[in-house]
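Asker: Coordinates in target23.tsv, TSV, C-alpha atoms, are listed below.
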chain	number	residue	atom	x	y	z
R	187	MET	CA	4.67	-32.14	-27.06
R	188	LYS	CA	6.13	-29.76	-24.53
R	189	LYS	CA	4.66	-26.92	-26.57
R	190	THR	CA	1.15	-28.32	-26.45
R	191	SER	CA	1.25	-28.70	-22.72
R	192	THR	CA	2.62	-25.18	-22.27
R	193	SER	CA	-0.01	-23.56	-24.45
R	194	ALA	CA	-2.73	-25.65	-22.81
R	195	LEU	CA	-1.50	-24.58	-19.39
R	196	VAL	CA	-1.28	-20.93	-20.40
R	197	ALA	CA	-4.71	-21.07	-22.00
R	198	GLY	CA	-6.12	-22.66	-18.85
R	199	ALA	CA	-4.57	-20.00	-16.63
R	200	ILE	CA	-5.84	-17.13	-18.76
R	201	THR	CA	-9.30	-18.62	-19.16
R	202	THR	CA	-9.55	-18.95	-15.41
R	203	ALA	CA	-8.41	-15.36	-14.94
R	204	LEU	CA	-10.99	-14.23	-17.51
R	205	ALA	CA	-13.72	-16.18	-15.78
R	206	LEU	CA	-12.80	-14.63	-12.44
R	207	SER	CA	-12.53	-11.09	-13.72
R	208	PRO	CA	-15.45	-8.93	-12.73
R	209	VAL	CA	-17.43	-7.50	-15.60
R	210	GLY	CA	-17.97	-3.80	-16.06
R	211	VAL	CA	-16.10	-2.53	-13.06
R	212	ALA	CA	-14.66	0.94	-13.07
R	213	ASN	CA	-11.51	1.34	-15.04
R	214	ALA	CA	-8.53	1.62	-12.72
R	215	ALA	CA	-7.25	4.46	-14.88
R	216	ASP	CA	-10.32	6.50	-13.97
R	217	THR	CA	-8.59	7.75	-10.91
R	218	GLU	CA	-6.30	10.63	-11.54
R	219	LYS	CA	-2.95	11.18	-9.94
R	220	CYS	CA	-2.86	14.51	-8.25
R	221	PHE	CA	0.40	16.32	-7.86
R	222	GLY	CA	0.94	17.68	-4.42
R	223	VAL	CA	-1.15	14.94	-2.87
R	224	ALA	CA	0.93	12.34	-1.18
R	225	LYS	CA	0.65	10.31	1.94
R	226	ALA	CA	2.53	11.59	4.91
R	227	GLY	CA	5.69	9.63	5.46
R	228	LYS	CA	5.46	8.04	2.04
R	229	ASN	CA	8.34	9.69	0.28
R	230	ASP	CA	6.49	12.91	-0.26
R	231	CYS	CA	9.09	14.66	-2.36
R	232	ALA	CA	7.55	18.06	-2.89
R	233	ALA	CA	9.03	20.82	-4.94
R	234	GLY	CA	9.96	22.51	-1.68
R	235	PRO	CA	13.48	21.38	-0.94
R	236	GLY	CA	16.07	23.46	-2.70
R	237	THR	CA	13.60	26.09	-3.71
R	238	SER	CA	12.84	27.86	-0.46
R	239	CYS	CA	14.92	29.80	1.97
R	240	ALA	CA	14.20	27.39	4.76
R	241	GLY	CA	17.05	25.49	6.25
R	242	THR	CA	19.62	28.17	6.84
R	243	SER	CA	19.42	27.41	10.53
R	244	THR	CA	20.87	23.98	9.88
R	245	THR	CA	24.51	24.41	9.24
R	246	ASP	CA	26.57	22.16	7.11
R	247	ALA	CA	28.88	20.13	9.32
R	248	GLN	CA	32.32	21.41	8.55
R	249	GLY	CA	35.31	19.25	8.02
R	250	ASN	CA	35.43	15.63	7.05
R	251	ALA	CA	34.83	13.97	10.36
R	252	TRP	CA	33.98	10.51	9.17
R	253	MET	CA	33.32	9.28	12.65
R	254	LEU	CA	29.78	8.29	11.89
R	255	VAL	CA	27.65	8.21	14.95
R	256	LEU	CA	25.11	5.57	14.19
R	257	LYS	CA	22.23	6.14	16.53
R	258	GLY	CA	19.34	4.88	14.50
R	259	THR	CA	17.13	1.84	14.56
R	260	CYS	CA	19.86	-0.23	12.92
R	261	GLU	CA	20.57	-1.37	16.47
R	262	LYS	CA	17.41	-3.42	16.23
R	263	ILE	CA	18.65	-5.43	13.28
R	264	VAL	CA	20.67	-8.41	14.34
R	265	GLY	CA	22.26	-11.57	13.07
R	266	GLY	CA	23.51	-12.44	9.64
R	267	SER	CA	27.04	-13.70	9.10
R	268	LEU	CA	27.92	-10.63	7.03
R	269	ALA	CA	26.68	-8.14	9.53
R	270	GLU	CA	29.19	-8.37	12.36
R	271	LYS	CA	29.95	-4.89	13.49
V	261	MET	CA	37.94	30.44	-21.23
V	262	SER	CA	35.97	33.61	-20.80
V	263	LEU	CA	35.99	35.30	-17.43
V	264	LEU	CA	32.30	34.61	-16.95
V	265	ALA	CA	32.69	30.91	-17.73
V	266	GLU	CA	35.61	30.69	-15.34
V	267	LEU	CA	33.67	32.50	-12.66
V	268	GLN	CA	30.69	30.18	-13.07
V	269	ARG	CA	32.87	27.12	-12.95
V	270	SER	CA	34.64	28.17	-9.79
V	271	PHE	CA	31.31	29.14	-8.26
V	272	CYS	CA	30.04	25.60	-8.91
V	273	ASP	CA	33.26	24.05	-7.66
V	274	GLY	CA	33.12	26.30	-4.62
V	275	LEU	CA	29.64	25.00	-3.76
V	276	ARG	CA	30.95	21.48	-3.56
V	277	THR	CA	33.76	22.00	-1.11
V	278	ALA	CA	33.94	23.05	2.50
V	279	ASP	CA	37.06	25.12	1.80
V	280	ALA	CA	37.23	28.78	1.00
V	281	PRO	CA	36.32	29.56	-2.61
V	282	ASP	CA	39.27	30.02	-4.95
V	283	GLY	CA	40.29	31.26	-8.38
V	284	ALA	CA	38.29	33.92	-10.15
V	285	LEU	CA	35.62	33.67	-7.49
V	286	LEU	CA	38.08	34.51	-4.75
V	287	GLU	CA	39.30	37.50	-6.72
V	288	MET	CA	35.73	38.69	-6.92
V	289	LEU	CA	35.03	38.07	-3.25
V	290	GLN	CA	38.25	38.64	-1.36
V	291	ASP	CA	37.89	42.34	-0.86
V	292	ASP	CA	34.29	42.06	0.04
V	293	ASP	CA	33.57	40.37	3.30
V	294	LEU	CA	29.83	40.68	2.84
V	295	ALA	CA	29.94	38.92	-0.54
V	296	ARG	CA	32.01	36.17	0.97
V	297	GLN	CA	29.46	35.71	3.74
V	298	ARG	CA	26.64	35.65	1.19
V	299	PHE	CA	28.44	32.99	-0.73
V	300	GLN	CA	28.67	30.93	2.46
V	301	VAL	CA	24.93	31.35	3.01
V	302	TYR	CA	24.21	30.28	-0.55
V	303	ARG	CA	26.51	27.29	-0.23
V	304	ASN	CA	25.01	26.28	3.07
V	305	ASN	CA	21.54	26.39	1.54
V	306	PHE	CA	22.72	24.34	-1.39
V	307	ILE	CA	24.07	21.60	0.86
V	308	VAL	CA	21.32	21.64	3.46
V	309	LEU	CA	18.31	21.84	1.13
V	310	ASN	CA	19.54	19.17	-1.24
V	311	GLY	CA	20.27	17.13	1.86
V	312	ASP	CA	16.66	17.72	2.97
V	313	ALA	CA	15.49	16.38	-0.38
V	314	LEU	CA	17.54	13.24	0.26
V	315	ALA	CA	16.02	12.94	3.72
V	316	ASP	CA	12.56	13.03	2.11
V	317	MET	CA	13.60	10.42	-0.41
V	318	PHE	CA	15.24	8.06	2.09
V	319	PRO	CA	13.31	8.30	5.39
V	320	VAL	CA	14.04	4.69	6.33
V	321	VAL	CA	17.78	4.97	5.71
V	322	LYS	CA	17.68	8.10	7.84
V	323	ARG	CA	15.86	6.27	10.60
V	324	LEU	CA	18.28	3.36	10.42
V	325	VAL	CA	21.47	5.39	10.79
V	326	GLY	CA	20.07	8.26	12.83
V	327	ASP	CA	19.71	11.96	12.00
V	328	GLU	CA	23.30	12.95	12.65
V	329	ALA	CA	24.90	10.24	10.55
V	330	PHE	CA	22.36	10.80	7.79
V	331	ARG	CA	23.14	14.50	7.63
V	332	MET	CA	26.83	13.74	7.20
V	333	LEU	CA	26.13	11.20	4.50
V	334	ALA	CA	23.77	13.57	2.72
V	335	THR	CA	26.33	16.38	2.79
V	336	ALA	CA	29.00	14.15	1.32
V	337	TYR	CA	26.59	12.90	-1.33
V	338	VAL	CA	25.49	16.40	-2.35
V	339	ARG	CA	29.14	17.39	-2.76
V	340	GLN	CA	29.97	14.29	-4.74
V	341	HIS	CA	26.77	14.10	-6.78
V	342	PRO	CA	25.07	17.49	-7.02
V	343	PRO	CA	21.66	17.51	-8.74
V	344	ARG	CA	21.83	17.22	-12.52
V	345	ASP	CA	18.17	17.96	-13.00
V	346	ARG	CA	16.08	21.07	-12.39
V	347	THR	CA	13.64	19.13	-10.25
V	348	LEU	CA	14.58	17.12	-7.19
V	349	LEU	CA	11.78	14.57	-7.60
V	350	LEU	CA	14.27	11.83	-8.38
V	351	TYR	CA	17.35	13.25	-6.70
V	352	GLY	CA	19.37	10.50	-5.06
V	353	ASP	CA	19.51	7.97	-7.88
V	354	LEU	CA	23.12	7.19	-6.98
V	355	PHE	CA	22.68	7.31	-3.21
V	356	ALA	CA	22.48	3.53	-2.81
V	357	ASP	CA	25.74	3.06	-4.72
V	358	PHE	CA	27.29	5.87	-2.74
V	359	LEU	CA	26.38	4.23	0.59
V	360	GLN	CA	28.19	1.12	-0.54
V	361	THR	CA	31.44	3.08	-0.80
V	362	ILE	CA	31.39	4.25	2.82
V	363	PRO	CA	33.64	1.99	4.92
V	364	GLU	CA	31.94	3.03	8.17
V	365	LEU	CA	28.70	1.47	6.93
V	366	SER	CA	30.10	-1.97	6.19
V	367	GLY	CA	28.44	-3.25	9.37
V	368	LEU	CA	25.05	-2.46	7.83
V	369	PRO	CA	25.27	-4.51	4.63
V	370	TYR	CA	21.52	-4.27	3.98
V	371	LEU	CA	21.52	-0.45	3.93
V	372	THR	CA	22.29	-0.17	0.22
V	373	ASP	CA	19.34	-2.36	-0.73
V	374	VAL	CA	17.01	-0.50	1.61
V	375	ALA	CA	18.07	2.73	-0.13
V	376	ARG	CA	17.42	1.08	-3.48
V	377	LEU	CA	13.91	0.11	-2.34
V	378	GLU	CA	13.17	3.66	-1.20
V	379	PHE	CA	14.35	5.12	-4.50
V	380	THR	CA	12.43	2.50	-6.46
V	381	TRP	CA	9.29	3.40	-4.49
V	382	THR	CA	9.53	7.05	-5.47
V	383	ALA	CA	10.48	6.25	-9.07
V	384	ALA	CA	7.35	4.08	-9.30
V	385	TYR	CA	5.31	6.87	-7.74
V	386	HIS	CA	6.39	9.33	-10.44
V	387	ALA	CA	6.37	6.87	-13.34
V	388	ALA	CA	4.00	7.28	-16.28
V	389	ASP	CA	0.37	6.21	-15.98
V	390	ALA	CA	-0.99	3.45	-18.16
V	391	PHE	CA	-4.35	1.85	-18.86
V	392	PRO	CA	-4.54	-1.63	-17.40
V	393	LEU	CA	-5.04	-4.72	-19.52
V	394	GLN	CA	-8.77	-5.41	-19.79
V	395	PRO	CA	-10.46	-8.80	-20.04
V	396	ASP	CA	-12.18	-7.86	-23.32
V	397	GLN	CA	-8.78	-7.47	-24.98
V	398	LEU	CA	-8.20	-11.18	-24.55
V	399	GLN	CA	-11.76	-12.39	-25.01
V	400	ASN	CA	-11.65	-12.83	-28.78
V	401	LEU	CA	-8.33	-14.63	-28.94
V	402	SER	CA	-8.09	-18.33	-29.60
V	403	GLU	CA	-6.63	-20.43	-26.82
V	404	GLU	CA	-3.62	-21.27	-29.01
V	405	ALA	CA	-2.82	-17.58	-29.33
V	406	PHE	CA	-2.51	-17.02	-25.58
V	407	ALA	CA	0.93	-18.61	-25.19
V	408	LYS	CA	2.27	-16.46	-28.03
V	409	LEU	CA	1.14	-13.21	-26.46
V	410	GLN	CA	3.62	-10.64	-25.25
V	411	LEU	CA	2.37	-8.86	-22.18
V	412	ARG	CA	3.51	-5.34	-21.40
V	413	VAL	CA	4.18	-4.62	-17.76
V	414	HIS	CA	3.10	-1.31	-16.26
V	415	PRO	CA	5.69	1.45	-16.84
V	416	SER	CA	6.15	1.84	-13.09
V	417	LEU	CA	6.99	-1.81	-12.50
V	418	GLN	CA	10.42	-2.62	-11.16
V	419	LEU	CA	12.01	-5.77	-9.78
V	420	LEU	CA	14.24	-5.71	-6.75
V	421	ALA	CA	16.07	-8.64	-5.19
V	422	SER	CA	18.14	-8.55	-2.04
V	423	ASP	CA	20.13	-11.02	0.06
V	424	PHE	CA	18.61	-9.37	3.11
V	425	PRO	CA	15.07	-9.11	4.49
V	426	ILE	CA	14.79	-5.52	3.26
V	427	HIS	CA	11.01	-5.63	2.96
V	428	ARG	CA	10.69	-6.37	6.68
V	429	ILE	CA	13.28	-3.71	7.54
V	430	TRP	CA	11.50	-1.20	5.31
V	431	SER	CA	7.98	-1.91	6.61
V	432	VAL	CA	8.92	-1.99	10.26
V	433	ASN	CA	10.68	1.37	9.87
V	434	GLN	CA	7.74	3.15	8.28
V	435	SER	CA	6.91	4.70	11.62
V	436	ASP	CA	9.05	5.98	14.43
V	437	ASP	CA	7.50	3.83	17.11
V	438	GLN	CA	8.82	0.56	15.78
V	439	ASP	CA	10.16	-1.70	18.47
V	440	GLU	CA	10.65	-4.95	16.65
V	441	LEU	CA	13.85	-6.90	16.48
V	442	ILE	CA	14.65	-8.02	12.96
V	443	SER	CA	17.04	-10.86	12.29
V	444	LEU	CA	19.07	-10.77	9.11
V	445	ASP	CA	18.89	-14.55	9.18
V	446	GLU	CA	15.38	-14.21	7.76
V	447	GLY	CA	17.37	-14.02	4.56
V	448	ALA	CA	16.80	-12.90	1.01
V	449	CYS	CA	13.69	-11.39	-0.48
V	450	ARG	CA	12.36	-10.63	-3.94
V	451	LEU	CA	10.11	-7.68	-4.55
V	452	ILE	CA	7.91	-6.31	-7.28
V	453	VAL	CA	7.28	-2.58	-6.97
V	454	VAL	CA	4.42	-1.29	-9.10
V	455	ARG	CA	1.87	1.53	-9.10
V	456	PRO	CA	-1.14	0.35	-11.10
V	457	ASP	CA	-3.19	3.41	-10.08
V	458	ASN	CA	-2.35	5.85	-7.32
V	459	GLU	CA	-0.93	3.55	-4.71
V	460	VAL	CA	2.57	2.22	-4.92
V	461	GLN	CA	2.53	-1.48	-4.06
V	462	VAL	CA	5.54	-3.33	-2.74
V	463	ARG	CA	4.86	-7.03	-3.19
V	464	VAL	CA	6.95	-9.80	-1.73
V	465	VAL	CA	6.99	-12.46	-4.43
V	466	SER	CA	8.24	-16.01	-4.92
V	467	GLU	CA	11.26	-16.90	-7.00
V	468	GLY	CA	8.90	-18.05	-9.77
V	469	GLU	CA	6.79	-14.90	-9.85
V	470	PHE	CA	9.95	-12.79	-9.94
V	471	GLU	CA	11.45	-14.82	-12.77
V	472	PHE	CA	8.22	-14.91	-14.77
V	473	VAL	CA	7.88	-11.12	-14.71
V	474	ARG	CA	11.59	-10.71	-15.44
V	475	GLN	CA	11.17	-12.87	-18.54
V	476	LEU	CA	8.12	-10.89	-19.68
V	477	MET	CA	10.03	-7.63	-19.23
V	478	ALA	CA	12.74	-9.06	-21.48
V	479	SER	CA	10.06	-9.44	-24.18
V	480	ALA	CA	9.46	-13.18	-23.81
V	481	THR	CA	6.03	-14.45	-24.81
V	482	ILE	CA	3.84	-15.87	-22.06
V	483	GLY	CA	4.70	-19.39	-23.20
V	484	GLU	CA	8.45	-18.76	-23.27
V	485	ALA	CA	8.38	-16.97	-19.94
V	486	PHE	CA	6.41	-19.79	-18.36
V	487	GLU	CA	8.79	-22.47	-19.62
V	488	ALA	CA	11.86	-20.56	-18.46
V	489	THR	CA	10.26	-19.98	-15.07
V	490	ASN	CA	9.49	-23.66	-14.70
V	491	GLN	CA	13.21	-24.39	-14.91
V	492	THR	CA	13.95	-22.05	-12.00
V	493	ASP	CA	10.91	-22.71	-9.87
V	494	PRO	CA	8.79	-25.78	-10.66
V	495	GLN	CA	6.38	-24.65	-7.92
V	496	PHE	CA	5.36	-21.56	-9.88
V	497	ASP	CA	1.57	-21.52	-10.26
V	498	LEU	CA	0.65	-19.57	-13.41
V	499	GLY	CA	-3.10	-19.94	-12.80
V	500	GLN	CA	-2.86	-18.38	-9.38
V	501	PHE	CA	-0.57	-15.60	-10.59
V	502	PHE	CA	-2.86	-14.64	-13.49
V	503	SER	CA	-6.01	-14.86	-11.37
V	504	ARG	CA	-4.53	-12.26	-9.08
V	505	HIS	CA	-2.52	-10.07	-11.39
V	506	LEU	CA	-3.52	-10.38	-15.06
V	507	PHE	CA	-6.11	-7.62	-14.80
V	508	ASP	CA	-5.05	-5.73	-11.67
V	509	GLY	CA	-2.90	-3.18	-13.51
V	510	THR	CA	0.35	-5.13	-13.29
V	511	PHE	CA	0.03	-5.37	-17.06
V	512	CYS	CA	-1.12	-2.67	-19.39
V	513	ALA	CA	-3.37	-2.53	-22.39
V	514	MET	CA	-2.09	-4.02	-25.62
I need this file expressed as structure tokens, please.
Answerer:
Amino acid sequence: MKKTSTSALVAGAITTALALSPVGVANAADTEKCFGVAKAGKNDCAAGPGTSCAGTSTTDAQGNAWMLVLKGTCEKIVGGSLAEK
Amino acid sequence: MSLLAELQRSFCDGLRTADAPDGALLEMLQDDDLARQRFQVYRNNFIVLNGDALADMFPVVKRLVGDEAFRMLATAYVRQHPPRDRTLLLYGDLFADFLQTIPELSGLPYLTDVARLEFTWTAAYHAADAFPLQPDQLQNLSEEAFAKLQLRVHPSLQLLASDFPIHRIWSVNQSDDQDELISLDEGACRLIVVRPDNEVQVRVVSEGEFEFVRQLMASATIGEAFEATNQTDPQFDLGQFFSRHLFDGTFCAM
């Protein structure tokens, strides 16, 4: 009995989705992903890092000074019983 | 071990420490100050540029802890987990786990999950393409057959659950000018990350939607997945879920 109601429910849900689906719209796979095109600030991981000579002006912090200076926006996240600093 | 192999090994080891190079490498370099300096330049590039790749991968983590702290974390990560792949597109797969091991970050318990979300975003971005499920593929099936169907989710689709409001933290920190206060008491969130076409979508979903998709990914039929989901979340509305997502690229062609 449970089975009948499940398959009826599933059938109803899919039939509704089919009825709502637009006919003959462009295939979503028509658009092509272009390498090298990425939104700014959206994890644009180009081939650049590690391959160019840029970056020599930044020097690797020597030593193991684990005194982390947290100066980011984490200050704006508050509350939570686990999060006491 | 051959001299060359030993030299290469100590070169690699030398890249991962802040100390002076040793062993065969030192023998090669010790009488040559210029070579030693060049090695330092190479090593600095190795650390800094791989660190830059991490900064590109984890902009929100960077924003959360600040540039200086991020640079230190990145340096330690590069030393501990140097790239294993020729490309850096997915460099940082262990960064979230790494952050969890840093005692100084225990006050930011959500940071690991934020890092996971950022990595998941990029992994979805680079995942394989797939043709979406089309209505005509279901049109000729009998209604009884629907519940026995196995849907395939898009190859980019990943589930992510956190005890913290990481979606809010992540969205608010997409730009530098954020000035919102976020309370961790907003609590847990469940996310579906998927890239049906070119845009990565990060969807905040209900317990039921999360469970239903999790069941489908574990190869359950629609009927089985629905019944299992009903146990967890009786509020789950299959009709609404399918109306929105059955043909939007969440699922791919059979």
Asker: For region 465-482 of chain V, list every protein, DNA or RNA residue within 9 Å, evaluated using all atoms listed in the file, and leave out those in the same chain fewer than 2 positions away; present the list as number ranges by chain.
Answerer: R: 193, 196; V: 406-413, 419-421, 449-452, 463, 484-490, 492-498, 501
Asker: Find the residue from V:Thr382, V:Ser416, V:Thr372, V:Ser270 that sits nearest to Val325 (chain V); use only C-alpha atoms when measuring.
Answerer: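 The closest residue to Val325 (chain V) is V:Thr372.
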Asker: How many Å lie between CA of Ser435 (chain V) and CA of Leu359 (chain V), rounded to one decimal?
Answerer: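 Computing the Euclidean distance for CA of Ser435 (chain V) and CA of Leu359 (chain V) yields 22.4 Å.
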Asker: Using CA of Arg346 (chain V) and CA of Leu264 (chain V) as the two end points, give the distance in Å to one decimal.
Answerer: 21.6 Å
Asker: Counting all atoms listed in the file, which residue out of V:Gln461, V:Ser262, V:Gln297, V:Gln434 sits closest to chain R?
Answerer: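 Looking at the shortest contact to chain R, the residue is V:Gln434.
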Asker: By how many Å are CA of Asp345 (chain V) and CA of Ser422 (chain V) apart?
Answerer: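 Distance between the two atoms: 28.7 Å.
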Asker: Please identify all polymer residues within 12 Å of Leu441 (chain V), counting all atoms listed in the file, omitting same-chain residues fewer than 6 positions from it, and present them as a list of chain:residue names.
Answerer: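 Final neighbour list, sorted by chain and number: R:Thr259, R:Cys260, R:Glu261, R:Lys262, R:Ile263, R:Val264, R:Gly265, V:Arg428, V:Ile429, V:Val432, V:Asn433.
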Asker: Is there a way to get, as a list of chain:residue names, all residues within 9 Å of the point (-5.5, -9.6, -13.2) in file coordinates, counting all atoms listed in the file?
Answerer: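 Nearby residues: R:Ala203, R:Leu204, R:Leu206, R:Ser207, V:Leu393, V:Gln394, V:Pro395, V:Phe501, V:Phe502, V:Ser503, V:Arg504, V:His505, V:Leu506, V:Phe507, V:Asp508, V:Gly509, V:Thr510, V:Phe511.
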Asker: May I have the residues from that selection written out with C-alpha atoms, as a CSV table (one decimal), in the coordinates of the input?
Answerer:
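again33.csv, written as the output of this step:
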chain,number,residue,atom,x,y,z
R,203,ALA,CA,-8.4,-15.4,-14.9
R,204,LEU,CA,-11.0,-14.2,-17.5
R,206,LEU,CA,-12.8,-14.6,-12.4
R,207,SER,CA,-12.5,-11.1,-13.7
V,393,LEU,CA,-5.0,-4.7,-19.5
V,394,GLN,CA,-8.8,-5.4,-19.8
V,395,PRO,CA,-10.5,-8.8,-20.0
V,501,PHE,CA,-0.6,-15.6,-10.6
V,502,PHE,CA,-2.9,-14.6,-13.5
V,503,SER,CA,-6.0,-14.9,-11.4
V,504,ARG,CA,-4.5,-12.3,-9.1
V,505,HIS,CA,-2.5,-10.1,-11.4
V,506,LEU,CA,-3.5,-10.4,-15.1
V,507,PHE,CA,-6.1,-7.6,-14.8
V,508,ASP,CA,-5.0,-5.7,-11.7
V,509,GLY,CA,-2.9,-3.2,-13.5
V,510,THR,CA,0.4,-5.1,-13.3
V,511,PHE,CA,0.0,-5.4,-17.1
Asker: Between R:Leu256, R:Ala205, R:Ala194, R:Ala199, which is the closest to Glu328 (chain V) once you count only C-alpha atoms?
Answerer: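 Of the candidates, the smallest distance to Glu328 (chain V) is held by R:Leu256.
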Asker: Quick one: residues within 10 Å of Pro342 (chain V), only C-alpha atoms counted, chain neighbours fewer than 5 positions away excluded, as JSON, numbers by chain?
Answerer: {"V": [272, 275, 276, 306, 307, 310, 335, 336, 337, 351, 352]}
Asker: Produce a file of the selected residues containing C-alpha atoms, as a PDB file, in the frame of the given file.
Answerer:
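Once written, part-v1.pdb looks like this:
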ATOM      1  CA  CYS V 272      30.040  25.600  -8.910  1.00  0.00           C
ATOM      2  CA  LEU V 275      29.640  25.000  -3.760  1.00  0.00           C
ATOM      3  CA  ARG V 276      30.950  21.480  -3.560  1.00  0.00           C
ATOM      4  CA  PHE V 306      22.720  24.340  -1.390  1.00  0.00           C
ATOM      5  CA  ILE V 307      24.070  21.600   0.860  1.00  0.00           C
ATOM      6  CA  ASN V 310      19.540  19.170  -1.240  1.00  0.00           C
ATOM      7  CA  THR V 335      26.330  16.380   2.790  1.00  0.00           C
ATOM      8  CA  ALA V 336      29.000  14.150   1.320  1.00  0.00           C
ATOM      9  CA  TYR V 337      26.590  12.900  -1.330  1.00  0.00           C
ATOM     10  CA  TYR V 351      17.350  13.250  -6.700  1.00  0.00           C
ATOM     11  CA  GLY V 352      19.370  10.500  -5.060  1.00  0.00           C
TER      12      GLY V 352
END
